[in-house]
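Structure record follows, encoded as C-alpha cells.
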Amino acid sequence: MPSHRDLTFDNGFAALPDTFYSRVQATPVPDPYLVCHSPDALDLLGLDADAIRHPELIETLAGNRVLPGMDPVAALYAGHQFGHYVPQLGDGRAILLGEVRNAAGEGWEVQLKGAGRTPYSRGGDGRAVLRSSIREFLCSEAMHALGIPTTRALCIVGSDRPVYREDAETAALVTRLAPSFVRFGSFEVFYYRNQVEPIKHLADYVIARYYPELATLADPYPEFLRLVTLRTAELMAQWQAVGFSHGVMNTDNMSILGLTLDYGPFGFLDAFDPGYICNHSDTGGRYAFDQQPDVAAWNITKLAQALVPLMSVETASGAIGEYPQVFGKAYLERMAAKFGLPPGGDTSGLYPQGAAGRGCKDTKVSTTTLIMEALQLLAQNRVDYTLFLRRLCDFDSSTGASNTPLRDCFLDRAGFDAWASRYAAALRQLGSSDVARRQAMRAANPKYILRNHLAEIAIRRAADERDYSEVNRLHALLTRPFDEQPEYEAYAAEPPDWARKIEVSCSS
Ligand code: AMP
Ligand code: MG
C-alpha cells in the first residue's frame, strides 16, 4: 500500500492567481497524536491505516511540516452571515495543503481545519478544539454513509496545546477532503468589490474542473448557476428528509458543489420539531430546521447576484427559478420512499413543515397528504423522527393490526390509529407487500444517526480520559446507518433526559 510519500499533488486552486487566497504556513503544535481516522476517506487518497500512523504524516496533518508538492494557501471569501454582508471572511483557521490526484484520477483537496492563524483570522486564534473536531469528523463521515453529499473527514490529530474557549480545552486539527471548498462567498467577495475579472476567472475554474459538461457551451454561466441551484435543492431535500439541521447557513458555508460544508452547531432532530434550532446563538431562529429550504433559496439569490456581472438579471433569475419545484419534487420523492409510498402527487403545501396544524385541503388519500398528516402527528406528539420512521418499516398493513411498537410512540393513540388505518388502506390499495416494503424502507430510513448525546458521550470520554474508543465505535457504527447492528441497539434509542440540556454554539 502506498505511503504519504507516494501522494501526487496537483494544486489547481493554488495555481490560480493570488487574488483568491494567501500563501500561508500552518503554525506548529507540540507533540501531535492521531485521535481517529476514517478508513473510507483514507482510501480516497489511496492510503491505509498503516500510512496514517506514520509519524511524518501525523506531523504533516498537525501543520508541523509540508510534504513535497504541497502548496499551502488560505482561501479568501466573504459572505452573508445571519442576513448581513461581511466583506471579508476567508479561511481564518483552515489551510489548504494541496490537492491530491488519486489513482482513479480524482482530485481531492486536503485541508487542515484548526491549523493556526491566517491573514483572514480577524480576532480568532486560528484553532479548533477537540470537542468540535470530533463532531465534524463524525458527522462528515456519517453524512457520507447516509448518501448525503458532504466534505469528508480523513482524521483528527490532537495536541495538548491549550485552546481557550469558555474553558481551557485542547487543540485538534481535522483533515478535511473535498473536490473543492469554493463557496458562494468566494464569488460574493469580488462582486462587492466591483471586480468582474476574478468572478469570471473563478467561475471558469470551477466550471472547467467541476462542471466539465458545461465547458463547451458558448455561454456556460447561466447553466452553471442553474446546476448549482439544482444541487443545492437536492441537498436541502436530503437534509430535510433525514432531519439534519446545519445551524449556520451563511453564504460562506454554502458549497459551490452542493456539499454539506462546515459542521458547527449542527444537530439531527430527535423529537420531530419543525422549528428546531440547533444553534443556541441563533436566537431569532433564522436557521431553524424548517427554514433551511427557504434559507438556501435566499442564499442562491446572493450567489446569482454575485454572478450578474456574467449575465443579465433576467437570465440569472431564470437560472435559479426552478429551485422550488426541484426541491419540492426531490423532498417528496425522498419522503415517499421513507413512507414506502409511490412518489408523485401534489407537492404544494408539503413544505414548510411548519404547516403543522394548518390543516390539509386535499381530501383524497394521497402520498402528500399521508406524509403531511404523519408529520403533524409527530410534531404534536413530539415523537422521535428517526425512531418513528424505522418502526414504520415494520408496519403491518392487514386490517385490524395494532402496530403496537409504533403506536406506543404517540400519546394521542386515537390520532395515530386514525392515521394508521388510512395508511394501511392506502398500502392495501396499492397492493404493497409488507415484506418487500420493509426491505425498501429500511434502505431509506437510517436506524443510526449522530444524535447529540452520542457525540457528547464520545467527546467527554476523549477529552476527559484520552479514550478514543467511543469515537471509533460511533464512527464505525455510523458508517452502516441502515443496517441492523443488534449489539448497538442502545445507540438507536431516544436521548436520555440529561441530554436535553446539551447546547451547541458557534464557539468551536
Ligand atoms: P464558521 O461560521 O464557523 O464557518 O466561520 C466563520 C468565519 O470565522 C470563517 O471565516 C472562519 O475561518 C472564521 N473562524 C471561525 N473560528 C475561528 C478561529 N478560532 N480563528 C480564526 N478564524 C475563525
Ligand atoms: Mg465557515
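To be explicit about the labels: the chains of the C-alpha cells are called A, B, and onward in the order shown, and within each one the residues are counted from 1, while ligands get numbers from 1 in the order they are shown.
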
Please identify all protein, DNA and RNA residues within 10 Å of ligand 2, counting only C-alpha atoms and all ligand atoms, and report them as an mmCIF file with N, CA, C and O atoms, in the first residue's frame.
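So the final result, stored in pocket_29.cif, reads:
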```
data_model
loop_
_atom_site.group_PDB
_atom_site.id
_atom_site.type_symbol
_atom_site.label_atom_id
_atom_site.label_comp_id
_atom_site.auth_asym_id
_atom_site.auth_seq_id
_atom_site.Cartn_x
_atom_site.Cartn_y
_atom_site.Cartn_z
ATOM 1 N N TYR A 77 -12.710 34.610 1.003
ATOM 2 C CA TYR A 77 -14.131 34.679 0.651
ATOM 3 C C TYR A 77 -14.811 35.675 1.556
ATOM 4 O O TYR A 77 -14.209 36.175 2.516
ATOM 5 N N GLY A 79 -19.204 36.775 2.687
ATOM 6 C CA GLY A 79 -20.445 36.038 2.867
ATOM 7 C C GLY A 79 -21.496 36.813 3.628
ATOM 8 O O GLY A 79 -21.187 37.809 4.292
ATOM 9 N N GLN A 81 -23.702 36.662 6.674
ATOM 10 C CA GLN A 81 -23.822 35.952 7.935
ATOM 11 C C GLN A 81 -25.085 36.430 8.636
ATOM 12 O O GLN A 81 -25.224 37.623 8.897
ATOM 13 N N LEU A 89 -14.164 37.518 4.941
ATOM 14 C CA LEU A 89 -14.046 36.379 5.848
ATOM 15 C C LEU A 89 -12.790 35.621 5.428
ATOM 16 O O LEU A 89 -11.695 36.086 5.648
ATOM 17 N N GLY A 90 -12.958 34.514 4.765
ATOM 18 C CA GLY A 90 -11.794 33.734 4.336
ATOM 19 C C GLY A 90 -11.476 32.651 5.347
ATOM 20 O O GLY A 90 -12.045 32.610 6.435
ATOM 21 N N ASP A 91 -10.581 31.765 4.958
ATOM 22 C CA ASP A 91 -10.175 30.677 5.841
ATOM 23 C C ASP A 91 -9.398 31.250 7.014
ATOM 24 O O ASP A 91 -8.194 31.477 6.933
ATOM 25 N N GLY A 92 -10.082 31.449 8.115
ATOM 26 C CA GLY A 92 -9.429 32.042 9.276
ATOM 27 C C GLY A 92 -8.684 31.016 10.110
ATOM 28 O O GLY A 92 -7.891 31.359 10.983
ATOM 29 N N ARG A 93 -8.990 29.760 9.863
ATOM 30 C CA ARG A 93 -8.295 28.712 10.619
ATOM 31 C C ARG A 93 -8.136 27.442 9.799
ATOM 32 O O ARG A 93 -7.741 26.413 10.328
ATOM 33 N N ALA A 94 -8.477 27.536 8.520
ATOM 34 C CA ALA A 94 -8.307 26.367 7.648
ATOM 35 C C ALA A 94 -7.183 26.661 6.669
ATOM 36 O O ALA A 94 -7.025 27.795 6.217
ATOM 37 N N ARG A 183 -16.933 28.374 -2.116
ATOM 38 C CA ARG A 183 -18.247 28.666 -1.527
ATOM 39 C C ARG A 183 -18.964 29.751 -2.322
ATOM 40 O O ARG A 183 -18.337 30.454 -3.112
ATOM 41 N N GLY A 185 -19.692 32.466 -1.096
ATOM 42 C CA GLY A 185 -18.987 33.663 -0.657
ATOM 43 C C GLY A 185 -17.683 33.917 -1.414
ATOM 44 O O GLY A 185 -17.175 35.042 -1.411
ATOM 45 N N VAL A 248 -25.751 26.981 10.760
ATOM 46 C CA VAL A 248 -25.124 28.250 10.350
ATOM 47 C C VAL A 248 -25.097 28.335 8.827
ATOM 48 O O VAL A 248 -24.036 28.306 8.200
ATOM 49 N N MET A 249 -26.271 28.500 8.250
ATOM 50 C CA MET A 249 -26.338 28.502 6.788
ATOM 51 C C MET A 249 -26.002 29.867 6.200
ATOM 52 O O MET A 249 -26.757 30.427 5.395
ATOM 53 N N ASN A 250 -24.874 30.404 6.599
ATOM 54 C CA ASN A 250 -24.389 31.633 5.982
ATOM 55 C C ASN A 250 -23.878 31.311 4.576
ATOM 56 O O ASN A 250 -23.511 30.165 4.302
ATOM 57 N N THR A 251 -23.821 32.321 3.709
ATOM 58 C CA THR A 251 -23.440 32.015 2.321
ATOM 59 C C THR A 251 -21.983 31.567 2.217
ATOM 60 O O THR A 251 -21.598 30.946 1.239
ATOM 61 N N ASP A 252 -21.188 31.874 3.235
ATOM 62 C CA ASP A 252 -19.805 31.378 3.228
ATOM 63 C C ASP A 252 -19.736 29.902 3.606
ATOM 64 O O ASP A 252 -18.673 29.290 3.487
ATOM 65 N N ASN A 253 -20.855 29.338 4.054
ATOM 66 C CA ASN A 253 -20.880 27.911 4.372
ATOM 67 C C ASN A 253 -21.657 27.117 3.330
ATOM 68 O O ASN A 253 -22.025 25.968 3.574
ATOM 69 N N MET A 254 -21.891 27.736 2.166
ATOM 70 C CA MET A 254 -22.646 27.075 1.091
ATOM 71 C C MET A 254 -21.677 26.665 -0.009
ATOM 72 O O MET A 254 -21.046 27.511 -0.653
ATOM 73 N N LEU A 261 -21.227 21.575 4.158
ATOM 74 C CA LEU A 261 -19.911 22.181 4.410
ATOM 75 C C LEU A 261 -19.922 22.917 5.741
ATOM 76 O O LEU A 261 -20.876 23.618 6.057
ATOM 77 N N ASP A 262 -18.855 22.762 6.499
ATOM 78 C CA ASP A 262 -18.633 23.465 7.764
ATOM 79 C C ASP A 262 -19.615 23.034 8.848
ATOM 80 O O ASP A 262 -20.669 23.635 9.055
ATOM 81 N N TYR A 263 -19.217 21.985 9.529
ATOM 82 C CA TYR A 263 -20.030 21.456 10.616
ATOM 83 C C TYR A 263 -19.711 22.204 11.898
ATOM 84 O O TYR A 263 -18.629 22.083 12.441
ATOM 85 N N GLY A 264 -20.661 22.984 12.353
ATOM 86 C CA GLY A 264 -20.504 23.698 13.617
ATOM 87 C C GLY A 264 -21.549 23.202 14.587
ATOM 88 O O GLY A 264 -21.525 22.040 15.015
#
```

Give one line per residue of range 235-346 of chain A that approaches range 404-426 of chain A to at most 12 Å, naming the two atoms of the closest pair and their distance in Å to one decimal, counting only C-alpha atoms; sort by chain then ascending residue number and deliver it as JSON lines.
```
{"residue": "A:Ala271", "atom": "CA", "partner": "A:Cys409", "partner_atom": "CA", "distance": 10.4}
{"residue": "A:Phe272", "atom": "CA", "partner": "A:Cys409", "partner_atom": "CA", "distance": 11.6}
{"residue": "A:Phe339", "atom": "CA", "partner": "A:Tyr423", "partner_atom": "CA", "distance": 9.3}
{"residue": "A:Gly340", "atom": "CA", "partner": "A:Tyr423", "partner_atom": "CA", "distance": 10.2}
{"residue": "A:Leu341", "atom": "CA", "partner": "A:Ala426", "partner_atom": "CA", "distance": 8.7}
{"residue": "A:Pro342", "atom": "CA", "partner": "A:Ala426", "partner_atom": "CA", "distance": 10.5}
```

Selected residues written out with N, CA, C and O atoms, as a short mmCIF file (atom, residue, chain, number, x, y, z; two decimals), in the first residue's frame:
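Everything below was put into again.cif:
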```
data_model
loop_
_atom_site.label_atom_id
_atom_site.label_comp_id
_atom_site.auth_asym_id
_atom_site.auth_seq_id
_atom_site.Cartn_x
_atom_site.Cartn_y
_atom_site.Cartn_z
N ALA A 271 -36.84 14.38 18.76
CA ALA A 271 -38.30 14.55 18.60
C ALA A 271 -38.54 15.43 17.38
O ALA A 271 -37.79 16.38 17.13
N PHE A 272 -39.59 15.12 16.63
CA PHE A 272 -39.86 15.91 15.43
C PHE A 272 -40.40 17.28 15.82
O PHE A 272 -41.48 17.40 16.39
N PHE A 339 -41.72 6.54 3.52
CA PHE A 339 -43.02 6.02 3.95
C PHE A 339 -43.45 4.80 3.13
O PHE A 339 -44.54 4.29 3.32
N GLY A 340 -42.60 4.37 2.21
CA GLY A 340 -42.94 3.20 1.41
C GLY A 340 -44.10 3.45 0.46
O GLY A 340 -44.86 2.54 0.14
N LEU A 341 -44.23 4.70 0.03
CA LEU A 341 -45.34 5.08 -0.85
C LEU A 341 -44.77 5.49 -2.21
O LEU A 341 -43.61 5.90 -2.30
N PRO A 342 -45.59 5.41 -3.24
CA PRO A 342 -45.08 5.84 -4.55
C PRO A 342 -44.93 7.36 -4.58
O PRO A 342 -45.75 8.06 -3.99
#
```

Range 187-195 of chain A: which residues within 12 Å, counting only C-alpha atoms, same-chain residues fewer than 6 positions away excluded, as an MDAnalysis selection string?
chainID A and resid 19:21 75:80 85:90 201:206 225 251:252 254:256 299:310

Prev. selection, N, CA and C atoms, output as an mmCIF file, in the first residue's frame:
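Listed below is the output, again30.cif:
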```
data_model
loop_
_atom_site.group_PDB
_atom_site.id
_atom_site.type_symbol
_atom_site.label_atom_id
_atom_site.label_comp_id
_atom_site.auth_asym_id
_atom_site.auth_seq_id
_atom_site.Cartn_x
_atom_site.Cartn_y
_atom_site.Cartn_z
ATOM 1 N N THR A 19 -5.046 36.460 -6.074
ATOM 2 C CA THR A 19 -6.258 37.230 -5.749
ATOM 3 C C THR A 19 -7.204 36.392 -4.891
ATOM 4 N N PHE A 20 -7.110 35.076 -5.058
ATOM 5 C CA PHE A 20 -8.112 34.189 -4.468
ATOM 6 C C PHE A 20 -7.710 33.608 -3.116
ATOM 7 N N TYR A 21 -6.493 33.873 -2.706
ATOM 8 C CA TYR A 21 -6.013 33.240 -1.467
ATOM 9 C C TYR A 21 -4.765 33.957 -0.985
ATOM 10 N N ALA A 75 -7.905 30.353 1.664
ATOM 11 C CA ALA A 75 -8.761 30.946 0.638
ATOM 12 C C ALA A 75 -9.435 32.217 1.151
ATOM 13 N N LEU A 76 -9.615 33.149 0.224
ATOM 14 C CA LEU A 76 -10.359 34.384 0.514
ATOM 15 C C LEU A 76 -11.823 34.172 0.152
ATOM 16 N N TYR A 77 -12.710 34.610 1.003
ATOM 17 C CA TYR A 77 -14.131 34.679 0.651
ATOM 18 C C TYR A 77 -14.811 35.675 1.556
ATOM 19 N N ALA A 78 -16.049 35.999 1.194
ATOM 20 C CA ALA A 78 -16.872 36.875 2.030
ATOM 21 C C ALA A 78 -18.145 36.095 2.339
ATOM 22 N N GLY A 79 -19.204 36.775 2.687
ATOM 23 C CA GLY A 79 -20.445 36.038 2.867
ATOM 24 C C GLY A 79 -21.496 36.813 3.628
ATOM 25 N N HIS A 80 -22.716 36.356 3.484
ATOM 26 C CA HIS A 80 -23.815 36.895 4.278
ATOM 27 C C HIS A 80 -23.950 36.043 5.528
ATOM 28 N N TYR A 85 -24.185 41.245 5.107
ATOM 29 C CA TYR A 85 -22.972 41.030 4.331
ATOM 30 C C TYR A 85 -21.727 41.362 5.150
ATOM 31 N N VAL A 86 -20.782 40.428 5.175
ATOM 32 C CA VAL A 86 -19.493 40.651 5.845
ATOM 33 C C VAL A 86 -18.430 40.630 4.751
ATOM 34 N N PRO A 87 -17.791 41.775 4.499
ATOM 35 C CA PRO A 87 -16.967 41.908 3.292
ATOM 36 C C PRO A 87 -15.721 41.030 3.259
ATOM 37 N N GLN A 88 -15.188 40.701 4.404
ATOM 38 C CA GLN A 88 -14.042 39.803 4.317
ATOM 39 C C GLN A 88 -14.056 38.741 5.391
ATOM 40 N N LEU A 89 -14.164 37.518 4.941
ATOM 41 C CA LEU A 89 -14.046 36.379 5.848
ATOM 42 C C LEU A 89 -12.790 35.621 5.428
ATOM 43 N N GLY A 90 -12.958 34.514 4.765
ATOM 44 C CA GLY A 90 -11.794 33.734 4.336
ATOM 45 C C GLY A 90 -11.476 32.651 5.347
ATOM 46 N N HIS A 201 -12.957 34.574 -13.715
ATOM 47 C CA HIS A 201 -11.838 33.630 -13.594
ATOM 48 C C HIS A 201 -12.209 32.443 -12.687
ATOM 49 N N LEU A 202 -12.811 32.760 -11.560
ATOM 50 C CA LEU A 202 -13.185 31.697 -10.620
ATOM 51 C C LEU A 202 -14.288 30.818 -11.205
ATOM 52 N N ALA A 203 -15.255 31.450 -11.870
ATOM 53 C CA ALA A 203 -16.331 30.670 -12.497
ATOM 54 C C ALA A 203 -15.739 29.750 -13.566
ATOM 55 N N ASP A 204 -14.813 30.258 -14.355
ATOM 56 C CA ASP A 204 -14.190 29.420 -15.393
ATOM 57 C C ASP A 204 -13.447 28.242 -14.773
ATOM 58 N N TYR A 205 -12.752 28.525 -13.668
ATOM 59 C CA TYR A 205 -12.008 27.471 -12.974
ATOM 60 C C TYR A 205 -12.959 26.389 -12.455
ATOM 61 N N VAL A 206 -14.025 26.830 -11.782
ATOM 62 C CA VAL A 206 -14.968 25.870 -11.191
ATOM 63 C C VAL A 206 -15.675 25.073 -12.291
ATOM 64 N N LEU A 225 -24.975 28.383 -12.943
ATOM 65 C CA LEU A 225 -25.820 28.840 -11.837
ATOM 66 C C LEU A 225 -27.016 27.907 -11.656
ATOM 67 N N THR A 251 -23.821 32.321 3.709
ATOM 68 C CA THR A 251 -23.440 32.015 2.321
ATOM 69 C C THR A 251 -21.983 31.567 2.217
ATOM 70 N N ASP A 252 -21.188 31.874 3.235
ATOM 71 C CA ASP A 252 -19.805 31.378 3.228
ATOM 72 C C ASP A 252 -19.736 29.902 3.606
ATOM 73 N N MET A 254 -21.891 27.736 2.166
ATOM 74 C CA MET A 254 -22.646 27.075 1.091
ATOM 75 C C MET A 254 -21.677 26.665 -0.009
ATOM 76 N N SER A 255 -21.596 25.367 -0.236
ATOM 77 C CA SER A 255 -20.630 24.834 -1.202
ATOM 78 C C SER A 255 -21.096 25.037 -2.637
ATOM 79 N N ILE A 256 -20.173 25.383 -3.497
ATOM 80 C CA ILE A 256 -20.484 25.556 -4.925
ATOM 81 C C ILE A 256 -20.748 24.192 -5.580
ATOM 82 N N ASN A 299 -29.975 32.209 -0.133
ATOM 83 C CA ASN A 299 -28.531 32.186 -0.368
ATOM 84 C C ASN A 299 -28.219 32.091 -1.863
ATOM 85 N N ILE A 300 -29.036 31.334 -2.568
ATOM 86 C CA ILE A 300 -28.826 31.207 -4.010
ATOM 87 C C ILE A 300 -29.053 32.548 -4.705
ATOM 88 N N THR A 301 -29.984 33.342 -4.204
ATOM 89 C CA THR A 301 -30.165 34.673 -4.823
ATOM 90 C C THR A 301 -28.904 35.517 -4.617
ATOM 91 N N LYS A 302 -28.205 35.294 -3.510
ATOM 92 C CA LYS A 302 -26.955 36.038 -3.275
ATOM 93 C C LYS A 302 -25.858 35.563 -4.226
ATOM 94 N N LEU A 303 -25.837 34.278 -4.494
ATOM 95 C CA LEU A 303 -24.880 33.774 -5.492
ATOM 96 C C LEU A 303 -25.234 34.322 -6.873
ATOM 97 N N ALA A 304 -26.532 34.295 -7.192
ATOM 98 C CA ALA A 304 -26.975 34.797 -8.503
ATOM 99 C C ALA A 304 -26.561 36.251 -8.685
ATOM 100 N N GLN A 305 -26.742 37.023 -7.626
ATOM 101 C CA GLN A 305 -26.370 38.441 -7.673
ATOM 102 C C GLN A 305 -24.860 38.582 -7.946
ATOM 103 N N ALA A 306 -24.085 37.749 -7.296
ATOM 104 C CA ALA A 306 -22.630 37.837 -7.477
ATOM 105 C C ALA A 306 -22.220 37.451 -8.899
ATOM 106 N N LEU A 307 -23.085 36.663 -9.569
ATOM 107 C CA LEU A 307 -22.757 36.237 -10.933
ATOM 108 C C LEU A 307 -23.387 37.143 -11.994
ATOM 109 N N VAL A 308 -24.147 38.130 -11.561
ATOM 110 C CA VAL A 308 -24.815 39.021 -12.513
ATOM 111 C C VAL A 308 -23.838 39.739 -13.456
ATOM 112 N N PRO A 309 -22.620 40.044 -13.012
ATOM 113 C CA PRO A 309 -21.684 40.615 -13.988
ATOM 114 C C PRO A 309 -21.441 39.696 -15.186
ATOM 115 N N LEU A 310 -21.786 38.413 -15.062
ATOM 116 C CA LEU A 310 -21.563 37.477 -16.165
ATOM 117 C C LEU A 310 -22.827 37.197 -16.973
#
```

Can you pull out the residues contacting range 61-66 of chain A? Cut-off 10 Å, using only C-alpha atoms, and skip same-chain residues under 2 positions away; I want them as a PyMOL selection string.
chain A and resi 25-34+52+55-59+68-72+95+97-98+110-116+154-159+171-175

Resulting file, chosen residues, C-alpha atoms, as a short mmCIF file (atom, residue, chain, number, x, y, z; two decimals), in the first residue's frame:
```cif
data_model
loop_
_atom_site.label_atom_id
_atom_site.label_comp_id
_atom_site.auth_asym_id
_atom_site.auth_seq_id
_atom_site.Cartn_x
_atom_site.Cartn_y
_atom_site.Cartn_z
CA GLN A 25 2.18 28.37 6.74
CA ALA A 26 0.43 26.41 9.44
CA THR A 27 1.51 27.17 12.99
CA PRO A 28 3.07 24.04 14.52
CA VAL A 29 1.59 22.33 17.58
CA PRO A 30 3.62 20.37 20.13
CA ASP A 31 3.63 16.56 20.20
CA PRO A 32 0.74 15.76 17.87
CA TYR A 33 -1.04 12.43 18.13
CA LEU A 34 -3.61 10.67 15.99
CA ILE A 52 -1.90 7.35 8.55
CA PRO A 55 4.85 9.98 12.28
CA GLU A 56 5.76 12.06 9.23
CA LEU A 57 2.16 12.11 8.05
CA ILE A 58 0.85 12.89 11.53
CA GLU A 59 3.32 15.79 11.73
CA PRO A 68 6.99 17.88 -1.29
CA GLY A 69 4.37 19.05 -3.78
CA MET A 70 2.13 20.75 -1.23
CA ASP A 71 1.45 24.47 -1.70
CA PRO A 72 -0.46 25.68 1.39
CA ILE A 95 -5.32 25.79 5.42
CA LEU A 97 -2.35 21.93 1.93
CA GLY A 98 -2.75 20.81 -1.65
CA VAL A 110 -6.63 18.24 1.57
CA GLN A 111 -7.42 20.93 4.10
CA LEU A 112 -6.45 21.30 7.75
CA LYS A 113 -9.06 22.93 9.96
CA GLY A 114 -7.56 24.45 13.10
CA ALA A 115 -4.05 24.97 11.70
CA GLY A 116 -3.37 28.38 13.22
CA LEU A 154 -9.76 11.97 6.93
CA CYS A 155 -8.64 12.11 10.53
CA ILE A 156 -8.23 14.16 13.67
CA VAL A 157 -4.81 14.99 15.03
CA GLY A 158 -4.71 16.29 18.60
CA SER A 159 -2.18 18.20 20.65
CA ALA A 171 -6.23 21.76 20.22
CA ALA A 172 -7.16 19.46 17.39
CA LEU A 173 -7.00 19.58 13.61
CA VAL A 174 -9.47 17.87 11.33
CA THR A 175 -8.11 16.96 7.93
#
```

Could the residues of range 100-173 of chain A that have an atom at most 8 Å from range 7-18 of chain A be listed as a tab-separated table, each with its closest atom pair and the distance in Å to one decimal, counting only C-alpha atoms and ordered by chain and ascending residue number?
```
residue	atom	partner	partner_atom	distance
A:Val100	CA	A:Phe9	CA	4.6
A:Arg101	CA	A:Thr8	CA	5.6
A:Asn102	CA	A:Thr8	CA	7.3
A:Gly107	CA	A:Asp10	CA	7.8
```

Which residues come within 6 Å of Phe482 in chain A, counting only C-alpha atoms, excluding same-chain residues fewer than 4 positions away, as a list of chain:residue names?
A:Ala443, A:Pro446, A:Lys447

Nearest residue to ligand 1 out of A:Leu96, A:Ile459, A:Leu392, A:Ala128, using only C-alpha atoms and all ligand atoms?
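Closest residue, counting only C-alpha atoms and all ligand atoms: A:Ala128.
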
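Distances here use only C-alpha atoms; by that measure, the residue among A:Met335, A:Ala296, A:Ala401, A:Val242 closest to Leu146 in chain A is A:Val242.
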